[in-house]
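As provided, data.txt (compact mmCIF, C-alpha atoms) reads as follows.
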# COMPACT_ATOMS: atom_id res chain seq x y z
CA MET A 405 2.76 38.57 -24.90
CA ASN A 406 1.89 35.14 -23.66
CA ARG A 407 -1.84 34.73 -23.17
CA SER A 408 -3.65 32.11 -21.16
CA LEU A 409 -6.74 30.12 -22.01
CA LEU A 410 -9.83 30.23 -19.85
CA LEU A 411 -11.46 26.89 -19.18
CA GLY A 412 -15.03 27.90 -19.83
CA GLY A 413 -16.92 24.64 -19.44
CA ALA A 414 -17.03 21.42 -21.40
CA ALA A 415 -17.95 23.06 -24.68
CA ALA A 416 -15.11 25.53 -24.27
CA VAL A 417 -12.68 22.65 -23.85
CA ALA A 418 -13.99 21.14 -27.07
CA THR A 419 -13.50 24.31 -29.05
CA MET A 420 -10.28 25.12 -27.26
CA THR A 421 -8.68 21.84 -28.21
CA GLY A 422 -10.18 21.77 -31.66
CA CYS A 423 -11.34 25.13 -33.03
CA SER A 424 -7.86 26.51 -32.89
CA ALA A 425 -5.83 28.29 -35.46
CA GLY A 426 -2.09 27.80 -35.21
CA ALA A 427 -0.04 24.96 -36.60
CA SER A 428 3.65 25.60 -36.53
CA ASP A 429 5.95 28.09 -35.03
CA THR A 430 6.57 31.12 -37.15
CA SER A 431 9.88 29.97 -38.56
CA GLY A 432 8.50 26.65 -39.74
CA SER A 433 10.29 24.55 -37.14
CA ALA A 434 8.81 22.62 -34.23
CA SER A 435 9.14 24.43 -30.93
CA GLY A 436 7.15 25.70 -27.99
CA GLY A 437 5.72 24.16 -24.88
CA ALA A 438 2.30 23.98 -23.29
CA ARG A 439 0.54 27.23 -22.55
CA SER A 440 -0.87 28.14 -19.17
CA GLY A 441 -4.46 27.15 -18.69
CA MET A 442 -4.23 24.21 -21.07
CA PRO A 443 -5.87 20.95 -20.11
CA SER A 444 -3.28 18.25 -19.50
CA GLY A 445 -2.27 16.47 -22.66
CA GLY A 446 -3.35 19.41 -24.81
CA PRO A 447 -1.26 21.06 -27.50
CA GLY A 448 1.28 23.75 -26.78
CA GLY A 449 1.95 27.09 -28.40
CA ALA A 450 3.10 25.54 -31.66
CA GLY A 451 0.35 22.97 -31.61
CA GLY A 452 -2.74 24.69 -32.80
CA MET A 453 -3.81 27.03 -30.00
CA GLY A 454 -3.03 30.27 -31.79
CA PRO A 455 -0.66 32.84 -30.23
CA GLY A 456 1.31 31.63 -27.27
CA VAL A 457 4.93 30.92 -26.52
CA THR A 458 5.69 31.00 -30.26
CA GLU A 459 3.77 34.21 -30.94
CA VAL A 460 5.53 36.64 -33.27
CA MET A 461 6.22 40.09 -31.90
CA TYR A 462 5.25 43.05 -34.06
CA ALA A 463 8.89 44.08 -34.51
CA ASP A 464 9.71 40.60 -35.86
CA PHE A 465 6.77 40.42 -38.26
CA THR A 466 7.52 39.66 -41.91
CA GLY A 467 4.22 38.10 -42.95
CA VAL A 468 3.39 35.05 -45.01
CA THR A 469 6.02 34.34 -47.66
CA THR A 470 6.81 31.47 -49.99
CA ASP A 471 10.41 31.13 -48.80
CA GLY A 472 11.01 33.58 -45.95
CA LYS A 473 11.86 36.45 -48.31
CA VAL A 474 9.38 39.31 -48.69
CA VAL A 475 8.62 40.37 -52.27
CA ASP A 476 9.42 44.07 -52.46
CA ASP A 477 7.39 46.95 -53.92
CA LEU A 478 4.00 45.25 -53.78
CA PHE A 479 2.29 47.94 -51.72
CA SER A 480 2.41 51.74 -51.77
CA ILE A 481 0.88 54.71 -50.01
CA HIS A 482 -1.61 56.30 -52.37
CA SER A 483 -5.11 57.70 -52.53
CA THR A 484 -7.82 55.15 -53.22
CA GLY A 485 -10.55 57.74 -53.68
CA VAL A 486 -12.69 55.83 -51.18
CA SER A 487 -13.48 57.78 -48.04
CA THR A 488 -12.78 56.37 -44.58
CA ASP A 489 -14.61 59.23 -42.82
CA ALA A 490 -17.54 57.02 -41.76
CA VAL A 491 -15.37 54.38 -40.10
CA VAL A 492 -13.21 57.02 -38.37
CA GLN A 493 -16.29 58.76 -37.00
CA ALA A 494 -17.91 55.48 -35.92
CA ALA A 495 -14.73 54.36 -34.16
CA GLN A 496 -14.42 57.66 -32.32
CA ALA A 497 -18.07 57.54 -31.29
CA PHE A 498 -17.64 54.03 -29.90
CA LEU A 499 -14.54 55.00 -27.93
CA ASP A 500 -16.21 58.16 -26.63
CA GLY A 501 -19.09 56.04 -25.37
CA LEU A 502 -16.87 53.81 -23.22
CA SER A 503 -16.04 54.41 -19.59
CA THR A 504 -12.57 55.80 -18.90
CA LYS A 505 -11.44 52.47 -17.43
CA VAL A 506 -12.64 50.34 -20.36
CA ARG A 507 -11.30 52.79 -22.93
CA ARG A 508 -7.90 52.82 -21.28
CA ALA A 509 -7.82 49.01 -21.40
CA SER A 510 -8.88 48.96 -25.05
CA VAL A 511 -6.43 51.35 -26.75
CA PHE A 512 -2.85 50.39 -27.67
CA ASP A 513 -0.07 51.88 -29.76
CA VAL A 514 -0.48 51.53 -33.51
CA ASP A 515 2.48 49.13 -33.68
CA ASP A 516 1.65 47.16 -30.52
CA ASP A 517 2.06 43.40 -30.29
CA GLU A 518 -1.68 43.30 -29.56
CA TRP A 519 -2.30 43.21 -33.31
CA LEU A 520 -0.88 39.69 -33.50
CA ALA A 521 -2.43 38.42 -30.26
CA TRP A 522 -5.65 36.93 -31.64
CA SER A 523 -7.15 33.47 -31.71
CA ASN A 524 -10.41 31.92 -32.83
CA VAL A 525 -10.53 29.77 -29.69
CA ASP A 526 -13.53 30.61 -27.51
CA GLY A 527 -11.68 30.46 -24.18
CA TYR A 528 -8.71 32.61 -25.22
CA GLU A 529 -8.01 35.42 -22.75
CA ARG A 530 -8.54 38.67 -24.60
CA GLU A 531 -7.97 42.37 -24.01
CA GLY A 532 -10.31 45.26 -24.70
CA ALA A 533 -14.01 46.04 -24.51
CA ARG A 534 -16.14 42.90 -24.21
CA MET A 535 -19.49 43.30 -25.93
CA GLY A 536 -21.35 41.35 -23.26
CA ASP A 537 -20.12 43.75 -20.58
CA LEU A 538 -21.28 46.89 -22.38
CA THR A 539 -24.59 48.69 -22.17
CA GLU A 540 -27.03 48.32 -25.05
CA LYS A 541 -26.15 51.82 -26.27
CA GLN A 542 -22.44 51.03 -26.21
CA ARG A 543 -22.97 47.75 -28.05
CA ASN A 544 -25.00 49.52 -30.72
CA LEU A 545 -22.12 51.93 -31.23
CA GLY A 546 -19.86 48.91 -31.65
CA TYR A 547 -22.18 47.40 -34.25
CA ALA A 548 -22.31 50.78 -35.99
CA LEU A 549 -18.50 50.66 -36.25
CA LEU A 550 -18.66 47.19 -37.77
CA GLY A 551 -21.36 48.43 -40.12
CA ALA A 552 -19.12 51.26 -41.32
CA ALA A 553 -16.09 49.00 -41.76
CA LEU A 554 -17.85 46.03 -43.34
CA SER A 555 -20.25 45.51 -46.20
CA ALA A 556 -23.84 44.52 -45.49
CA ASP A 557 -22.82 40.91 -46.17
CA GLY A 558 -19.81 41.25 -43.90
CA LEU A 559 -21.85 42.59 -41.02
CA ALA A 560 -24.49 39.88 -41.46
CA GLN A 561 -21.80 37.19 -41.61
CA THR A 562 -20.16 38.46 -38.41
CA ARG A 563 -23.42 38.75 -36.49
CA ASN A 564 -24.59 35.32 -37.62
CA ILE A 565 -21.34 33.71 -36.52
CA MET A 566 -21.89 35.27 -33.10
CA LYS A 567 -25.44 33.92 -32.99
CA LEU A 568 -24.35 30.40 -33.93
CA ASN A 569 -21.67 30.63 -31.24
CA ALA A 570 -24.48 31.17 -28.74
CA PHE A 571 -26.44 28.33 -30.34
CA LEU A 572 -23.44 26.04 -29.77
CA GLY A 573 -23.32 27.03 -26.11
CA ASP A 574 -27.03 26.26 -25.71
CA TYR A 575 -26.64 22.98 -27.60
CA ASN A 576 -23.78 21.76 -25.43
CA GLY A 577 -24.97 23.24 -22.17
CA GLY A 578 -21.48 24.61 -21.53
CA GLY A 579 -19.34 27.68 -22.08
CA LYS A 580 -21.86 29.95 -20.37
CA GLU A 581 -19.53 32.94 -20.68
CA THR A 582 -17.55 32.18 -23.81
CA LEU A 583 -20.11 30.48 -26.06
CA THR A 584 -22.42 33.49 -26.17
CA GLU A 585 -23.10 36.48 -28.40
CA GLY A 586 -21.37 38.69 -25.85
CA HIS A 587 -17.89 37.14 -25.76
CA TYR A 588 -16.40 39.31 -28.52
CA TYR A 589 -13.93 42.11 -27.96
CA PHE A 590 -12.87 45.41 -29.54
CA THR A 591 -9.31 46.66 -29.25
CA PHE A 592 -7.88 49.75 -30.94
CA MET A 593 -4.36 50.37 -32.16
CA GLY A 594 -3.69 54.08 -32.41
CA THR A 595 -6.34 56.80 -32.34
CA PRO A 596 -9.01 57.07 -35.05
CA SER A 597 -7.79 59.69 -37.53
CA MET A 598 -8.40 60.90 -41.07
CA THR A 599 -4.65 61.18 -41.70
CA LYS A 600 -2.64 59.22 -39.13
CA PRO A 601 -2.41 55.39 -39.08
CA TRP A 602 -4.71 53.51 -36.73
CA GLY A 603 -6.83 50.40 -36.67
CA PHE A 604 -9.07 48.13 -34.68
CA GLN A 605 -9.50 44.44 -34.01
CA TYR A 606 -12.79 42.65 -33.41
CA GLU A 607 -12.24 39.17 -32.06
CA GLY A 608 -13.87 36.16 -30.46
CA HIS A 609 -14.77 32.53 -31.16
CA HIS A 610 -14.74 31.97 -34.93
CA VAL A 611 -14.28 35.68 -35.73
CA ALA A 612 -11.12 37.79 -35.94
CA ILE A 613 -11.27 41.00 -37.98
CA ASN A 614 -8.11 43.09 -38.21
CA TYR A 615 -8.82 46.50 -39.76
CA PHE A 616 -5.97 48.96 -40.47
CA VAL A 617 -6.59 52.48 -41.76
CA LEU A 618 -4.13 54.99 -43.24
CA GLY A 619 -5.78 57.99 -44.85
CA ASP A 620 -8.24 56.46 -47.30
CA GLN A 621 -6.41 53.13 -47.51
CA VAL A 622 -7.71 50.06 -45.67
CA VAL A 623 -6.18 46.65 -45.00
CA MET A 624 -8.65 44.11 -43.57
CA SER A 625 -6.44 41.12 -42.94
CA PRO A 626 -5.97 38.69 -41.44
CA THR A 627 -9.70 38.08 -41.23
CA PHE A 628 -10.76 34.71 -39.86
CA MET A 629 -14.37 33.55 -40.05
CA GLY A 630 -15.71 30.13 -39.13
CA SER A 631 -18.60 28.34 -37.47
CA GLU A 632 -19.77 25.08 -35.95
CA PRO A 633 -22.50 24.46 -36.86
CA THR A 634 -22.80 26.37 -40.13
CA SER A 635 -26.57 25.94 -40.29
CA ALA A 636 -29.05 26.00 -37.42
CA THR A 637 -32.10 27.80 -36.07
CA TYR A 638 -31.34 30.27 -33.29
CA ASN A 639 -34.12 32.16 -31.52
CA GLY A 640 -36.48 31.28 -34.36
CA GLU A 641 -34.09 32.53 -37.07
CA LYS A 642 -32.71 30.01 -39.60
CA ILE A 643 -29.06 30.84 -40.18
CA THR A 644 -26.89 29.28 -42.88
CA LEU A 645 -23.27 30.32 -43.38
CA PHE A 646 -20.50 29.81 -45.97
CA LYS A 647 -22.75 28.85 -48.88
CA PRO A 648 -21.19 31.54 -51.14
CA GLU A 649 -17.66 30.38 -50.25
CA THR A 650 -18.59 26.75 -50.87
CA LYS A 651 -20.38 27.42 -54.15
CA ALA A 652 -17.72 29.75 -55.58
CA GLY A 653 -14.99 27.20 -54.91
CA LEU A 654 -16.91 24.38 -56.56
CA THR A 655 -17.85 26.61 -59.50
CA LEU A 656 -14.23 27.42 -60.24
CA LEU A 657 -13.07 23.83 -59.82
CA ARG A 658 -15.80 22.45 -62.07
CA SER A 659 -14.88 24.94 -64.80
CA LEU A 660 -11.42 23.40 -65.12
CA THR A 661 -10.50 20.80 -67.71
CA SER A 662 -9.46 17.31 -66.66
CA ALA A 663 -5.83 18.18 -67.30
CA GLN A 664 -6.09 21.33 -65.20
CA ARG A 665 -7.83 19.52 -62.36
CA ARG A 666 -5.02 16.98 -62.18
CA LYS A 667 -2.69 19.87 -61.32
CA VAL A 668 -5.11 21.54 -58.90
CA VAL A 669 -6.51 18.59 -56.92
CA SER A 670 -4.07 17.00 -54.49
CA ALA A 671 -3.67 13.23 -54.31
CA ASP A 672 -3.72 13.58 -50.53
CA GLU A 673 -6.83 12.63 -48.59
CA LYS A 674 -8.80 15.38 -46.87
CA GLY A 675 -7.78 15.57 -43.23
CA GLY A 676 -9.72 16.63 -40.17
CA THR A 677 -8.10 20.03 -40.63
CA ASP A 678 -5.92 21.33 -43.45
CA MET A 679 -5.77 25.07 -42.75
CA VAL A 680 -2.21 26.29 -42.26
CA ALA A 681 -2.41 30.10 -42.03
CA GLY A 682 -4.51 30.60 -38.90
CA ALA A 683 -3.64 32.46 -35.70
CA GLY A 684 0.00 32.36 -34.68
CA GLN A 685 1.10 31.80 -38.28
CA ASP A 686 2.05 35.38 -39.08
CA ASN A 687 5.50 34.49 -40.45
CA LEU A 688 4.41 31.30 -42.17
CA LYS A 689 6.47 30.00 -45.08
CA LEU A 690 4.06 28.53 -47.62
CA ALA A 691 5.09 27.52 -51.13
CA TYR A 692 2.65 27.87 -54.00
CA GLN A 693 0.71 24.72 -54.81
CA GLY A 694 -1.79 23.83 -57.52
CA LEU A 695 -2.17 25.64 -60.84
CA ALA A 696 -1.47 29.31 -61.65
CA ALA A 697 -4.19 31.38 -63.30
CA LYS A 698 -1.88 32.21 -66.20
CA GLU A 699 -2.96 28.76 -67.44
CA PHE A 700 -6.66 29.59 -67.06
CA THR A 701 -9.04 30.72 -69.78
CA SER A 702 -10.64 34.16 -69.54
CA ALA A 703 -13.84 32.60 -68.17
CA GLN A 704 -11.90 30.62 -65.57
CA ARG A 705 -9.96 33.72 -64.53
CA GLN A 706 -13.23 35.54 -63.97
CA LYS A 707 -14.50 32.69 -61.80
CA LEU A 708 -11.30 32.94 -59.76
CA LEU A 709 -11.90 36.66 -59.27
CA ASP A 710 -15.50 35.90 -58.32
CA LEU A 711 -14.21 33.49 -55.68
CA VAL A 712 -11.79 36.06 -54.26
CA GLY A 713 -14.59 38.61 -54.37
CA VAL A 714 -16.67 36.60 -51.89
CA TYR A 715 -13.98 36.99 -49.22
CA VAL A 716 -12.88 40.51 -50.13
CA GLY A 717 -16.54 41.48 -50.32
CA TYR A 718 -16.94 41.33 -46.56
CA MET A 719 -15.17 44.69 -46.24
CA ASP A 720 -16.96 47.90 -47.21
CA ASP A 721 -17.86 47.98 -50.89
CA GLY A 722 -15.49 50.74 -51.97
CA HIS A 723 -12.37 49.26 -50.41
CA ALA A 724 -13.39 45.77 -51.53
CA ALA A 725 -13.23 47.01 -55.13
CA VAL A 726 -9.78 48.49 -54.47
CA LYS A 727 -8.53 45.17 -53.06
CA LEU A 728 -10.02 43.13 -55.89
CA LYS A 729 -8.23 45.35 -58.42
CA GLU A 730 -4.97 44.70 -56.58
CA VAL A 731 -5.59 40.94 -56.75
CA ALA A 732 -6.40 41.18 -60.48
CA GLU A 733 -3.06 42.86 -61.14
CA HIS A 734 -1.33 39.69 -59.88
CA LEU A 735 -3.76 37.18 -61.36
CA ASP A 736 -1.18 35.39 -63.51
CA ASP A 737 0.70 34.52 -60.33
CA THR A 738 -2.40 33.43 -58.39
CA TYR A 739 -2.54 29.70 -57.61
CA PHE A 740 -5.58 27.53 -56.94
CA TYR A 741 -5.21 24.34 -54.90
CA TRP A 742 -7.72 21.75 -53.68
CA ILE A 743 -7.85 18.79 -51.28
CA GLY A 744 -10.81 16.41 -51.09
CA GLU A 745 -13.91 15.42 -53.01
CA THR A 746 -15.89 17.72 -55.27
CA GLU A 747 -19.58 17.03 -54.69
CA ASP A 748 -21.96 19.73 -53.45
CA SER A 749 -22.02 18.22 -49.97
CA SER A 750 -18.36 17.15 -49.83
CA ALA A 751 -16.04 18.33 -47.09
CA PHE A 752 -13.06 19.84 -48.90
CA TYR A 753 -10.23 22.33 -48.58
CA TYR A 754 -9.12 24.93 -51.11
CA ARG A 755 -6.53 27.67 -51.25
CA VAL A 756 -6.06 30.79 -53.36
CA HIS A 757 -2.53 32.13 -53.09
CA SER A 758 -0.74 35.02 -54.78
CA PRO A 759 1.80 37.69 -53.78
CA VAL A 760 -1.04 39.87 -52.45
CA VAL A 761 -3.73 37.47 -51.21
CA LEU A 762 -3.98 34.16 -49.39
CA ILE A 763 -7.39 32.55 -48.89
CA GLU A 764 -8.12 29.23 -47.19
CA TYR A 765 -11.42 27.38 -46.90
CA ASP A 766 -11.46 24.24 -44.76
CA ALA A 767 -14.39 21.96 -43.92
CA GLN A 768 -13.22 20.31 -40.72
CA SER A 769 -14.04 17.42 -38.43
CA PRO A 770 -16.93 17.97 -36.01
CA LEU A 771 -15.99 18.85 -32.45
CA ALA A 772 -19.02 19.94 -30.49
CA TYR A 773 -22.04 19.63 -32.79
CA GLY A 774 -23.79 16.71 -34.44
CA GLU A 775 -23.94 13.00 -33.82
CA ASN A 776 -20.35 12.45 -34.98
CA ALA A 777 -18.91 15.20 -32.80
CA GLN A 778 -16.01 14.37 -30.51
CA MET A 779 -17.61 16.35 -27.69
CA GLY A 780 -21.17 16.63 -26.50
CA GLY A 781 -23.34 17.09 -23.45
CA GLY A 782 -20.55 18.01 -21.07
CA GLY A 783 -18.28 15.05 -21.78
CA ALA A 784 -14.60 15.21 -22.55
CA PRO A 785 -13.10 15.16 -26.03
CA SER A 786 -12.36 11.66 -27.20
CA GLY A 787 -9.23 10.71 -29.05
CA ARG A 788 -6.04 12.67 -29.60
CA PRO A 789 -5.12 15.00 -32.42
CA SER A 790 -4.29 13.23 -35.65
CA GLY A 791 -1.01 13.73 -37.45
CA MET A 792 -0.25 16.67 -39.70
CA PRO A 793 -2.85 17.33 -42.37
CA SER A 794 -1.91 16.67 -45.96
CA GLY A 795 -0.44 19.32 -48.19
CA GLN A 796 1.51 21.14 -45.47
CA PRO A 797 4.38 23.48 -46.23
CA THR A 798 7.85 22.05 -45.78
CA GLY A 799 9.36 22.42 -42.36
CA MET A 800 6.07 22.05 -40.51
CA PRO A 801 6.31 20.05 -37.28
CA SER A 802 5.20 16.48 -37.76
CA GLY A 803 2.60 14.78 -35.65
CA GLY A 804 0.91 18.00 -34.59
CA PRO A 805 -2.33 19.68 -35.40
CA GLY A 806 -2.81 22.00 -38.33
CA GLY A 807 -3.13 25.74 -38.51
CA GLY A 808 -6.89 25.87 -38.48
CA GLY A 809 -7.99 23.44 -35.79
CA MET A 810 -7.18 19.94 -34.67
CA GLY A 811 -9.88 17.92 -36.33
CA MET A 812 -9.91 15.34 -33.54
CA GLY A 813 -10.12 12.49 -36.05
CA GLY A 814 -13.82 12.64 -37.00
CA THR A 815 -15.15 12.72 -40.54
CA PRO A 816 -14.91 16.29 -41.92
CA THR A 817 -18.21 18.01 -42.60
CA GLN A 818 -19.59 21.24 -44.02
CA GLN A 819 -21.16 21.81 -40.60
CA HIS A 820 -17.73 22.92 -39.34
CA ILE A 821 -15.95 25.39 -41.61
CA HIS A 822 -12.98 27.67 -41.05
CA THR A 823 -11.88 30.38 -43.51
CA ILE A 824 -9.17 33.00 -43.54
CA ILE A 825 -7.94 35.75 -45.83
CA ARG A 826 -4.43 37.20 -45.46
CA THR A 827 -2.22 39.69 -47.28
CA PRO A 828 1.18 38.03 -47.79
CA ASN A 829 4.58 39.73 -47.98
CA GLY A 830 4.13 42.01 -44.99
CA GLY A 831 0.69 43.33 -45.85
CA ASP A 832 -1.25 41.89 -42.89
CA TYR A 833 -2.21 44.38 -40.16
CA GLY A 834 -1.10 47.15 -42.56
CA VAL A 835 2.48 46.59 -41.41
CA ASP A 836 4.07 47.37 -44.77
CA LEU A 837 1.99 50.54 -45.17
CA LEU A 838 2.90 51.69 -41.66
CA LYS A 839 6.60 51.17 -42.40
CA LEU A 840 6.28 53.19 -45.60
CA HIS A 841 4.41 55.90 -43.74
CA LEU A 842 7.10 56.18 -41.08
CA GLU A 843 9.86 56.21 -43.70
CA THR A 844 8.30 58.92 -45.85
CA ASP A 845 6.39 61.11 -43.38
CA HIS A 846 8.69 61.10 -40.36
Please lay out the structure from this file as structure tokens.
Amino acid sequence: MNRSLLLGGAAAVATMTGCSAGASDTSGSASGGARSGMPSGGPGGAGGMGPGVTEVMYADFTGVTTDGKVVDDLFSIHSTGVSTDAVVQAAQAFLDGLSTKVRRASVFDVDDDEWLAWSNVDGYEREGARMGDLTEKQRNLGYALLGAALSADGLAQTRNIMKLNAFLGDYNGGGKETLTEGHYYFTFMGTPSMTKPWGFQYEGHHVAINYFVLGDQVVMSPTFMGSEPTSATYNGEKITLFKPETKAGLTLLRSLTSAQRRKVVSADEKGGTDMVAGAGQDNLKLAYQGLAAKEFTSAQRQKLLDLVGVYVGYMDDGHAAVKLKEVAEHLDDTYFYWIGETEDSSAFYYRVHSPVVLIEYDAQSPLAYGENAQMGGGGAPSGRPSGMPSGQPTGMPSGGPGGGGMGMGGTPTQQHIHTIIRTPNGGDYGVDLLKLHLETDH
């Protein structure tokens, strides 16, 4: 499923060539050519644009692993005791409110390649029901679905990212279609059900929520959230994003001893982008780096769980607790890794990585906002992508952009942040649970 990119104005070019989410091909080797719709001289499918010529098909999905081998018996089909009735009903209500034509274009098989066809790029050509094309009643049903699937914080985070996307469009005077609150899409895999597997995807610039449901089990990964800027006033409302993620990371790091920090903090310099597990990286091989929590004190371990809880806490409260318990069961094998400085205002990268969770936080170079941005006022991006960011997994292509955006060579800033949470070892998109379901129930 090779998607094209829409050239939606100067600001769209800026985000398209910078706010991207794929670094390497899925086997960890350099491959892939330019995708259709790319500006000349831009990166190809393996070069940071998200899914493209190197996109993994659902049947070939293995998930993020440390060495290409999936750790067995990590996930099981069981009752969580947390009802999914509300999200099933909200999803059905949203679908029932769509026209026949839009609904037909928005529903895919539960194991369709559409799951993996997401990008955080604003001009990416998407399938499904576009919020800006719906009536107010239909949009409200869509927001009700997000409200049922997410926590109050998760819904607020998603809506505020959408608002700052529109702010960016106003600021740059470009991207009149894509840099708006309306350029976000719903797609559904399978039919909403209390018993059968199904899920939905909500996707657009700086947001990609993948939500799989089987009975009362939920997998909400990969979930990508980002913004540029991260703080601005839009329609009279002051919006500030990613403060909890920033603070929780610093709190954990500052709780470590000097000896521990020497193992956690990389000697590499912070790059324009250091994220490696963005869109198009579904079969990424990523070795553990940093220090394992088995060497943490009880207080430090709790701070690590608090950090994970910020990201997990964007899903509905009941299933967030279920996921956090799963992470806690593998805490000894959970690694914490850091690149960059450690002041409150520093631009830094950190990673939390275990058999059942992968979290990345990356403060990146400015692209379309601020006086140091590489793009502004309808001009063209200056410079070319820098070389590979530091701390990359082995086998990554050299000289190409990273998995979370290209950086464009400017000084990283907390005004441009990308984050992602994944479930390694086949857990993303609920793939492992679906396989178990088909093996045991059919």
| task | For the point (-23.4, 21.1, -42.6) in the file's frame, write as number ranges by chain all residues with an atom no more than 7 Å away, counting only C-alpha atoms. | result | A: 633-635, 817-820
Selected residues written out with C-alpha atoms, as a tab-separated table (two decimals), in the frame of the given file:
chain	number	residue	atom	x	y	z
A	633	PRO	CA	-22.50	24.46	-36.86
A	634	THR	CA	-22.80	26.37	-40.13
A	635	SER	CA	-26.57	25.94	-40.29
A	817	THR	CA	-18.21	18.01	-42.60
A	818	GLN	CA	-19.59	21.24	-44.02
A	819	GLN	CA	-21.16	21.81	-40.60
A	820	HIS	CA	-17.73	22.92	-39.34
| With all atoms listed in the file as the atoms that count, which of A:Gln706, A:Gln768, A:Ser758, A:Gln621 lies nearest to A:His482? | A:Gln621
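Taking atom CA of A:Met566 and atom CA of A:Tyr589 as endpoints, the distance between them is 11.7 Å.
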| query | Which residues, written as a ChimeraX atom specification, have at least one atom at most 9 Å from A:Val835, with only C-alpha atoms counted and residues fewer than 4 positions away on the same chain left out? | reply | /A:462,465-467,515,616,830-831,839-840
| request: Grab the atom CA of A:Met461 to atom CA of A:Asp516 distance for me, in Å with one decimal place. | output: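 Atom CA of A:Asp516 lies 8.5 Å from atom CA of A:Met461.
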| task | Provide the atom CA of A:Asp500 to atom CA of A:Trp522 distance in Å, to one decimal place. | result |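 Going from atom CA of A:Asp500 over to atom CA of A:Trp522, I get 24.2 Å.
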| task | Please return, as a ChimeraX atom specification, all polymer residues that have at least one atom within 10 Å of the point (-15.3, 54.9, -44.0); use only C-alpha atoms and the file's own coordinate frame. | result | /A:486-495,549,551-554,598,617,620-622,720,722-723
| request: List the neighbours of stretch 657-672 of chain A out to 8 Å using all atoms listed in the file; skip same-chain residues closer than 3 positions along the sequence, and give me the result as a ChimeraX atom specification. | output: /A:653-654,693-695,704,740-744,794-795
| Contacts of A:Leu545 at 9 Å (all atoms listed in the file; same-chain gap of 5+ positions) as a list in words |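 Skipping anything fewer than 5 positions along the chain leaves Ala494, Ala495, Ala497, Phe498, Leu499, Gly501, Glu540 and Leu550 of chain A.
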| So, counting only C-alpha atoms, which residue among A:Ala724, A:Ala636, A:Ala533, A:Leu708 is closest to A:His757? | A:Leu708
| message | Using all atoms listed in the file, can you tell me which of A:Val761, A:Leu538, A:Ile481, A:Ala560 comes closest to A:Glu843? | response |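 Between A:Val761, A:Leu538, A:Ile481, A:Ala560, the residue approaching A:Glu843 most closely is A:Ile481.
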List as an mmCIF file with C-alpha atoms, in the coordinates of the input the protein and nucleic acid residues near A:Gly594, meaning an atom at most 7 Å away when all atoms listed in the file are counted, but skip any in the same chain fewer than 6 places from it.
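around_31.cif written:
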data_model
loop_
_atom_site.group_PDB
_atom_site.id
_atom_site.type_symbol
_atom_site.label_atom_id
_atom_site.label_comp_id
_atom_site.auth_asym_id
_atom_site.auth_seq_id
_atom_site.Cartn_x
_atom_site.Cartn_y
_atom_site.Cartn_z
ATOM 1 C CA VAL A 511 -6.430 51.350 -26.750
ATOM 2 C CA PHE A 512 -2.850 50.390 -27.670
ATOM 3 C CA ASP A 513 -0.070 51.880 -29.760
ATOM 4 C CA VAL A 514 -0.480 51.530 -33.510
ATOM 5 C CA PRO A 601 -2.410 55.390 -39.080
ATOM 6 C CA TRP A 602 -4.710 53.510 -36.730
ATOM 7 C CA GLY A 603 -6.830 50.400 -36.670
#
| task | Measuring atom to atom with only C-alpha atoms, identify which of A:Arg755, A:Lys567, A:Arg534, A:Arg705 is nearest to A:Thr637. | result | A:Lys567
| note | One residue among A:Asn576, A:Thr823, A:Ser750, A:Asn544 is nearest to A:Gly630 when using all atoms listed in the file, and that residue is A:Thr823
| query | Looking at all atoms listed in the file, which of A:Tyr606, A:Gly640, A:Val468, A:Leu735 is the one that sits closest to A:Ser702? | reply |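 Looking only at the distances to A:Ser702, the closest residue turns out to be A:Leu735.
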For stretch 578-595 of chain A of the structure just presented, write C-alpha atoms to a file, as a PDB file, in the first residue's frame.
ATOM      1  CA  GLY A 578       0.168  27.840   4.367  1.00  0.00           C
ATOM      2  CA  GLY A 579      -1.309  24.352   4.494  1.00  0.00           C
ATOM      3  CA  LYS A 580      -4.863  25.674   4.268  1.00  0.00           C
ATOM      4  CA  GLU A 581      -6.268  22.143   4.083  1.00  0.00           C
ATOM      5  CA  THR A 582      -3.751  20.099   6.035  1.00  0.00           C
ATOM      6  CA  LEU A 583      -2.696  22.468   8.828  1.00  0.00           C
ATOM      7  CA  THR A 584      -6.186  22.743  10.282  1.00  0.00           C
ATOM      8  CA  GLU A 585      -8.269  21.145  13.023  1.00  0.00           C
ATOM      9  CA  GLY A 586     -10.208  19.275  10.362  1.00  0.00           C
ATOM     10  CA  HIS A 587      -7.433  17.276   8.684  1.00  0.00           C
ATOM     11  CA  TYR A 588      -7.716  14.211  10.923  1.00  0.00           C
ATOM     12  CA  TYR A 589      -9.181  10.895   9.863  1.00  0.00           C
ATOM     13  CA  PHE A 590     -10.985   7.892  11.379  1.00  0.00           C
ATOM     14  CA  THR A 591     -10.590   4.432   9.903  1.00  0.00           C
ATOM     15  CA  PHE A 592     -12.024   1.219  11.343  1.00  0.00           C
ATOM     16  CA  MET A 593     -10.619  -2.287  11.161  1.00  0.00           C
ATOM     17  CA  GLY A 594     -13.368  -4.821  11.680  1.00  0.00           C
ATOM     18  CA  THR A 595     -16.824  -4.070  13.063  1.00  0.00           C
TER      19      THR A 595
END
